[in-house]
file structure.cif (mmCIF, C-alpha atoms)
data_target
#
loop_
_atom_site.label_atom_id
_atom_site.label_comp_id
_atom_site.auth_asym_id
_atom_site.auth_seq_id
_atom_site.Cartn_x
_atom_site.Cartn_y
_atom_site.Cartn_z
CA MET H 176 125.57 168.66 111.30
CA ASP H 177 124.57 166.71 108.19
CA GLU H 178 125.84 169.54 106.00
CA VAL H 179 129.13 169.63 107.90
CA PHE H 180 129.71 165.89 107.52
CA LYS H 181 128.84 166.05 103.81
CA ALA H 182 131.20 168.95 103.29
CA LEU H 183 134.06 167.19 105.07
CA ALA H 184 133.51 163.97 103.11
CA ASP H 185 135.10 165.44 99.97
CA ALA H 186 138.91 165.40 99.76
CA SER H 187 139.07 168.60 97.71
CA ARG H 188 137.02 170.50 100.27
CA ARG H 189 139.19 169.19 103.08
CA ARG H 190 142.21 170.44 101.16
CA LEU H 191 140.61 173.87 100.86
CA LEU H 192 140.08 173.91 104.62
CA ASP H 193 143.71 172.90 105.14
CA ASN H 194 144.81 175.81 102.94
CA LEU H 195 142.67 178.26 104.91
CA ASN H 196 143.90 176.79 108.17
CA ALA H 197 147.47 177.47 107.05
CA ARG H 198 146.64 181.03 105.97
CA GLY H 199 143.37 182.83 106.42
CA GLY H 200 142.07 185.67 104.26
CA GLN H 201 142.65 184.14 100.82
CA THR H 202 140.80 185.20 97.69
CA LEU H 203 139.28 182.75 95.21
CA ARG H 204 142.22 183.38 92.89
CA GLU H 205 144.73 182.53 95.61
CA LEU H 206 142.89 179.35 96.52
CA CYS H 207 142.73 178.23 92.89
CA ALA H 208 146.49 178.68 92.53
CA GLY H 209 147.13 175.93 95.04
CA LEU H 210 144.70 173.41 93.60
CA ASP H 211 144.51 171.41 90.40
CA MET H 212 140.91 172.48 89.79
CA THR H 213 139.08 175.00 87.67
CA ARG H 214 137.97 178.27 89.18
CA GLN H 215 134.34 177.16 88.80
CA SER H 216 134.96 173.92 90.72
CA VAL H 217 136.71 175.73 93.56
CA SER H 218 133.88 178.25 93.71
CA LYS H 219 131.30 175.45 94.01
CA HIS H 220 133.25 173.79 96.81
CA LEU H 221 133.47 177.10 98.67
CA ILE H 222 129.71 177.61 98.38
CA LEU H 223 129.14 174.22 100.04
CA LEU H 224 131.67 175.00 102.77
CA GLU H 225 130.00 178.36 103.44
CA ALA H 226 126.59 176.66 103.59
CA ALA H 227 128.01 174.33 106.25
CA ASP H 228 129.49 177.35 108.11
CA LEU H 229 132.97 175.85 107.79
CA VAL H 230 134.09 178.90 105.84
CA THR H 231 133.24 182.51 106.60
CA THR H 232 133.93 185.47 104.30
CA ALA H 233 134.51 189.21 104.45
CA ARG H 234 134.85 191.96 101.86
CA ARG H 235 137.99 194.02 101.40
CA GLY H 236 137.18 196.48 98.66
CA ARG H 237 136.14 194.39 95.67
CA GLU H 238 137.83 191.25 96.97
CA LYS H 239 136.09 188.50 98.88
CA LEU H 240 138.33 186.96 101.53
CA HIS H 241 137.80 183.45 102.89
CA TYR H 242 138.51 182.19 106.42
CA LEU H 243 138.13 178.91 108.23
CA ASN H 244 135.45 178.83 110.94
CA ALA H 245 136.11 176.31 113.72
CA ALA H 246 132.69 176.38 115.42
CA PRO H 247 131.05 173.49 113.45
CA ILE H 248 134.09 171.29 114.03
CA ASN H 249 133.95 172.07 117.75
CA ALA H 250 130.24 171.19 117.71
CA ILE H 251 131.04 167.81 116.17
CA ALA H 252 133.59 167.19 118.90
CA ASP H 253 131.03 168.10 121.58
CA ARG H 254 128.23 166.03 120.05
CA TRP H 255 129.96 162.92 118.71
CA ILE H 256 133.17 162.53 120.67
CA SER H 257 132.67 163.82 124.20
CA GLN H 258 129.91 161.32 124.97
CA TYR H 259 132.25 158.43 124.17
CA ASP H 260 135.59 159.58 125.56
CA ARG H 261 135.66 162.84 127.48
CA GLU H 262 139.34 162.61 128.36
CA ARG H 263 140.34 162.47 124.71
CA VAL H 264 138.17 165.48 123.96
CA ARG H 265 140.34 167.54 126.28
CA ALA H 266 143.29 166.65 124.10
CA LEU H 267 141.48 168.33 121.18
CA ALA H 268 141.57 171.74 122.85
CA ASP H 269 144.49 172.79 120.65
CA LEU H 270 142.29 172.15 117.59
CA LYS H 271 140.27 175.23 118.49
CA SER H 272 143.25 177.57 118.47
CA ALA H 273 144.62 175.95 115.31
CA LEU H 274 141.48 176.75 113.35
CA GLU H 275 140.77 180.37 114.26
CA HIS H 276 141.16 183.18 111.73
CA SER H 277 139.87 186.70 111.18
CA PRO H 278 138.38 188.60 108.22
CA MET H 279 140.88 191.46 108.51
CA ASP H 280 144.31 189.86 108.23
CA SER H 281 145.85 186.39 108.39
CA ASN H 282 147.24 187.00 111.88
CA ALA H 283 143.89 187.92 113.40
CA PHE H 284 141.23 185.72 114.98
CA VAL H 285 137.64 185.03 113.93
CA TYR H 286 135.08 182.76 115.53
CA THR H 287 131.46 182.32 114.46
CA THR H 288 128.85 180.55 116.54
CA TYR H 289 125.04 180.34 116.63
CA ILE H 290 123.21 180.88 119.92
CA ARG H 291 119.55 180.22 120.60
CA THR H 292 118.71 183.62 122.05
CA THR H 293 117.74 187.13 120.96
CA PRO H 294 120.06 189.96 119.85
CA GLU H 295 118.92 192.01 122.85
CA ARG H 296 119.75 189.29 125.36
CA LEU H 297 123.08 188.52 123.70
CA TRP H 298 123.96 192.21 123.80
CA GLN H 299 123.16 192.22 127.50
CA ALA H 300 125.37 189.17 127.97
CA LEU H 301 128.27 191.02 126.31
CA THR H 302 127.93 194.22 128.33
CA ASP H 303 126.16 193.61 131.65
CA PRO H 304 128.53 192.74 134.52
CA ALA H 305 125.89 190.42 135.95
CA PHE H 306 126.37 188.27 132.83
CA THR H 307 130.04 188.78 131.99
CA THR H 308 131.26 187.81 135.45
CA ARG H 309 129.45 184.45 135.19
CA TYR H 310 131.06 183.14 132.00
CA TRP H 311 134.12 185.43 131.75
CA GLY H 312 135.06 186.50 135.26
CA VAL H 313 135.31 190.09 133.99
CA ALA H 314 133.11 193.09 134.82
CA PHE H 315 132.99 196.22 132.67
CA GLU H 316 132.29 199.80 133.72
CA SER H 317 131.17 201.83 130.69
CA ASP H 318 128.16 203.60 129.23
CA TRP H 319 128.92 201.75 125.96
CA LYS H 320 128.90 204.85 123.78
CA PRO H 321 131.52 205.25 121.02
CA GLY H 322 134.58 206.95 122.45
CA SER H 323 133.64 206.23 126.06
CA ALA H 324 136.17 204.81 128.50
CA MET H 325 136.05 201.22 129.70
CA ILE H 326 137.22 199.96 133.07
CA TRP H 327 138.00 196.24 133.28
CA GLU H 328 137.67 194.48 136.61
CA GLU H 329 139.13 190.98 136.79
CA GLY H 330 140.43 188.98 139.72
CA GLY H 331 139.76 191.87 142.08
CA ASN H 332 141.88 194.27 140.02
CA LYS H 333 140.59 197.26 138.05
CA THR H 334 142.35 198.40 134.88
CA ALA H 335 141.75 201.85 133.38
CA ASP H 336 143.59 203.54 130.52
CA PRO H 337 142.80 206.52 128.22
CA ASP H 338 143.23 204.20 125.22
CA GLN H 339 140.91 201.54 126.66
CA VAL H 340 137.72 202.70 124.93
CA VAL H 341 134.56 201.75 123.08
CA LEU H 342 135.08 202.06 119.31
CA GLU H 343 131.64 201.14 117.92
CA SER H 344 128.32 200.50 119.61
CA GLU H 345 125.08 199.52 117.89
CA PRO H 346 122.96 197.71 120.51
CA GLY H 347 121.84 194.31 119.30
CA ARG H 348 124.02 194.53 116.17
CA ARG H 349 127.67 195.46 116.63
CA LEU H 350 130.12 196.19 119.42
CA SER H 351 133.83 196.99 119.15
CA TYR H 352 136.38 198.08 121.72
CA THR H 353 140.12 198.20 122.29
CA TRP H 354 141.65 195.37 124.29
CA HIS H 355 142.67 195.98 127.87
CA THR H 356 146.02 197.23 129.11
CA PHE H 357 148.30 194.52 130.49
CA THR H 358 149.42 195.23 134.03
CA SER H 359 151.52 193.23 136.48
CA ALA H 360 148.49 192.91 138.77
CA TRP H 361 146.46 191.45 135.90
CA ALA H 362 149.25 189.00 135.03
CA THR H 363 149.47 187.77 138.61
CA ALA H 364 145.70 187.32 138.95
CA ALA H 365 145.43 185.59 135.56
CA GLY H 366 148.34 183.27 136.23
CA VAL H 367 150.40 184.68 133.34
CA SER H 368 154.11 183.96 133.62
CA SER H 369 156.58 186.81 133.96
CA GLU H 370 158.08 185.84 130.60
CA ALA H 371 154.72 185.99 128.81
CA PHE H 372 153.81 189.24 130.56
CA ALA H 373 157.07 190.84 129.42
CA LYS H 374 156.13 190.01 125.83
CA VAL H 375 152.49 191.12 125.83
CA ALA H 376 153.28 194.33 127.71
CA VAL H 377 155.25 195.70 124.76
CA GLU H 378 152.84 194.63 122.00
CA ARG H 379 150.57 197.21 120.40
CA ARG H 380 146.99 197.38 121.60
CA SER H 381 144.59 195.12 119.73
CA LYS H 382 140.82 195.34 119.41
CA VAL H 383 137.82 193.01 119.43
CA THR H 384 134.58 193.30 117.47
CA PHE H 385 131.31 191.43 118.01
CA GLU H 386 128.80 191.19 115.15
CA LEU H 387 125.26 190.00 115.96
CA GLU H 388 122.83 188.84 113.29
CA GLN H 389 119.36 187.34 113.80
CA VAL H 390 119.01 183.99 112.00
CA GLY H 391 115.59 182.50 112.64
CA GLU H 392 115.35 181.56 116.32
CA MET H 393 119.10 181.96 116.76
CA VAL H 394 121.65 184.76 116.68
CA LYS H 395 124.80 184.43 114.62
CA LEU H 396 127.68 185.82 116.67
CA THR H 397 130.96 186.56 114.91
CA VAL H 398 133.92 187.62 117.03
CA VAL H 399 136.90 189.31 115.36
CA HIS H 400 140.05 190.06 117.33
CA ASP H 401 142.57 191.90 115.18
CA ASP H 402 145.26 194.60 115.05
CA LEU H 403 147.67 191.99 116.37
CA GLU H 404 151.39 191.96 115.67
CA PRO H 405 152.98 189.14 113.62
CA GLY H 406 154.10 186.39 115.97
CA SER H 407 151.98 187.97 118.70
CA THR H 408 151.92 186.33 122.13
CA VAL H 409 148.49 187.91 122.64
CA ARG H 410 147.33 186.05 119.51
CA GLU H 411 148.42 182.74 121.04
CA MET H 412 146.61 183.50 124.28
CA ILE H 413 143.30 184.60 122.76
CA GLY H 414 143.39 181.69 120.30
CA GLU H 415 142.97 179.40 123.28
CA GLY H 416 140.82 181.68 125.40
CA TRP H 417 138.08 182.87 123.05
CA PRO H 418 136.70 179.42 122.01
CA ALA H 419 136.32 178.34 125.64
CA LEU H 420 134.82 181.68 126.66
CA LEU H 421 132.30 181.76 123.79
CA SER H 422 131.30 178.15 124.42
CA SER H 423 130.56 179.10 128.02
CA LEU H 424 128.58 182.16 126.88
CA LYS H 425 126.50 180.02 124.53
CA THR H 426 125.85 177.44 127.24
CA LEU H 427 124.86 180.13 129.75
CA LEU H 428 122.32 181.72 127.41
CA GLU H 429 120.84 178.40 126.30
CA THR H 430 120.80 176.51 129.61
CA GLY H 431 121.13 179.14 132.33
CA GLU H 432 124.47 177.80 133.55
CA PRO H 433 127.98 178.51 132.19
CA LEU H 434 130.52 175.79 131.52
CA PRO H 435 132.93 174.98 134.37
CA GLU H 436 136.22 176.83 134.04
CA PRO H 437 138.74 174.58 132.27
CA ALA H 438 141.96 173.65 134.01
CA HIS H 439 145.00 175.74 132.99
#

call {"tool": "encode", "arguments": {"input": "structure.cif", "output": "structure tokens"}}
result
Amino acid sequence: MDEVFKALADASRRRLLDNLNARGGQTLRELCAGLDMTRQSVSKHLILLEAADLVTTARRGREKLHYLNAAPINAIADRWISQYDRERVRALADLKSALEHSPMDSNAFVYTTYIRTTPERLWQALTDPAFTTRYWGVAFESDWKPGSAMIWEEGGNKTADPDQVVLESEPGRRLSYTWHTFTSAWATAAGVSSEAFAKVAVERRSKVTFELEQVGEMVKLTVVHDDLEPGSTVREMIGEGWPALLSSLKTLLETGEPLPEPAH
């Protein structure tokens, strides 16, 4: 956390984070255009922000795209705020959704966290129903091979669809699949309003990708949820859901118990 506090102490770096919060996926050139600084100065600030894990990057051809990563800020809230005033921490829940971005397009979602576990155990936690039902409330039926079908079971309802499939599968390294089909039974069980269901039901199918990377005694987990439409209602929903879900996953793997389900 020392690196995070040092990074946030500089006004120019905070302004860079504000720019990335407003629009993710910017190149160095685009970031320089909005600041009264030399390209070299902006580059140095970005290096410090990356070192503090406040900024994550991805390649698109020859370009390097920059995105804000909310995980360290959430960790600060958990470590330094919750112990003093837990009720106010709940009011910061919207901060999580306001800071999520993805390395594919500015409308997508990315979240990076570090979990004290192994790639093999994290992979199991992402695919084994015995794990997923504990922190997610969802069970998957699949052999986890590329192209294979996935059946989602949530709230006592099973959802199957020919387009609900595994896209990529490298155990312990990378997993990608299409997002589930939205049904009326799912909406009822999940407490989704009829108005929201009517909107998500007509949106194109999105996808989620998990990237696992061993970092010392921890595993760096990056979640990318993309292929979302501009102004997507699904984007609003996952922006709130993924941070809570991944925090519960991290807690389960590190302590043996998931976080209690937050109130709607």

call {"tool": "closest_residue", "arguments": {"input": "structure.cif", "among": "H:Ala208, H:Leu387, H:Met176, H:Val285", "to": "H:Trp298", "atoms": "all atoms listed in the file"}}
result
H:Leu387

call {"tool": "closest_residue", "arguments": {"input": "structure.cif", "among": "H:Pro346, H:Leu223, H:Ser317, H:Thr307", "to": "H:Glu329", "atoms": "all atoms listed in the file"}}
result
H:Thr307

call {"tool": "residues_around", "arguments": {"input": "structure.cif", "residues": "H:Glu225", "least_positions_apart": "3", "cutoff": "10 Å", "atoms": "all atoms listed in the file", "output": "MDAnalysis selection string"}}
result
chainID H and resid 179 182 219:222 228:232 241:244

call {"tool": "atom_distance", "arguments": {"input": "structure.cif", "atom1": "atom CA of H:Glu178", "atom2": "atom CA of H:Ala227"}}
result
5.3 Å

call {"tool": "closest_residue", "arguments": {"input": "structure.cif", "among": "H:Phe306, H:Phe284, H:Trp319, H:Trp327", "to": "H:Thr397", "atoms": "all atoms listed in the file"}}
result
H:Phe284

call {"tool": "residues_near_point", "arguments": {"input": "structure.cif", "point": "(129.2, 201.2, 127.5)", "cutoff": "12 Å", "atoms": "all atoms listed in the file", "output": "PyMOL selection string"}}
result
chain H and resi 298-299+301-304+314-327+339-346+350-352

call {"tool": "write_last_selection", "arguments": {"input": "structure.cif", "atoms": "C-alpha atoms", "output": "PDB file, keeping the file's coordinate frame"}}
result
ATOM      1  CA  TRP H 298     123.960 192.210 123.800  1.00  0.00           C
ATOM      2  CA  GLN H 299     123.160 192.220 127.500  1.00  0.00           C
ATOM      3  CA  LEU H 301     128.270 191.020 126.310  1.00  0.00           C
ATOM      4  CA  THR H 302     127.930 194.220 128.330  1.00  0.00           C
ATOM      5  CA  ASP H 303     126.160 193.610 131.650  1.00  0.00           C
ATOM      6  CA  PRO H 304     128.530 192.740 134.520  1.00  0.00           C
ATOM      7  CA  ALA H 314     133.110 193.090 134.820  1.00  0.00           C
ATOM      8  CA  PHE H 315     132.990 196.220 132.670  1.00  0.00           C
ATOM      9  CA  GLU H 316     132.290 199.800 133.720  1.00  0.00           C
ATOM     10  CA  SER H 317     131.170 201.830 130.690  1.00  0.00           C
ATOM     11  CA  ASP H 318     128.160 203.600 129.230  1.00  0.00           C
ATOM     12  CA  TRP H 319     128.920 201.750 125.960  1.00  0.00           C
ATOM     13  CA  LYS H 320     128.900 204.850 123.780  1.00  0.00           C
ATOM     14  CA  PRO H 321     131.520 205.250 121.020  1.00  0.00           C
ATOM     15  CA  GLY H 322     134.580 206.950 122.450  1.00  0.00           C
ATOM     16  CA  SER H 323     133.640 206.230 126.060  1.00  0.00           C
ATOM     17  CA  ALA H 324     136.170 204.810 128.500  1.00  0.00           C
ATOM     18  CA  MET H 325     136.050 201.220 129.700  1.00  0.00           C
ATOM     19  CA  ILE H 326     137.220 199.960 133.070  1.00  0.00           C
ATOM     20  CA  TRP H 327     138.000 196.240 133.280  1.00  0.00           C
ATOM     21  CA  GLN H 339     140.910 201.540 126.660  1.00  0.00           C
ATOM     22  CA  VAL H 340     137.720 202.700 124.930  1.00  0.00           C
ATOM     23  CA  VAL H 341     134.560 201.750 123.080  1.00  0.00           C
ATOM     24  CA  LEU H 342     135.080 202.060 119.310  1.00  0.00           C
ATOM     25  CA  GLU H 343     131.640 201.140 117.920  1.00  0.00           C
ATOM     26  CA  SER H 344     128.320 200.500 119.610  1.00  0.00           C
ATOM     27  CA  GLU H 345     125.080 199.520 117.890  1.00  0.00           C
ATOM     28  CA  PRO H 346     122.960 197.710 120.510  1.00  0.00           C
ATOM     29  CA  LEU H 350     130.120 196.190 119.420  1.00  0.00           C
ATOM     30  CA  SER H 351     133.830 196.990 119.150  1.00  0.00           C
ATOM     31  CA  TYR H 352     136.380 198.080 121.720  1.00  0.00           C
TER      32      TYR H 352
END

call {"tool": "atom_distance", "arguments": {"input": "structure.cif", "atom1": "atom CA of H:Ala362", "atom2": "atom CA of H:Asp401"}}
result
21.1 Å
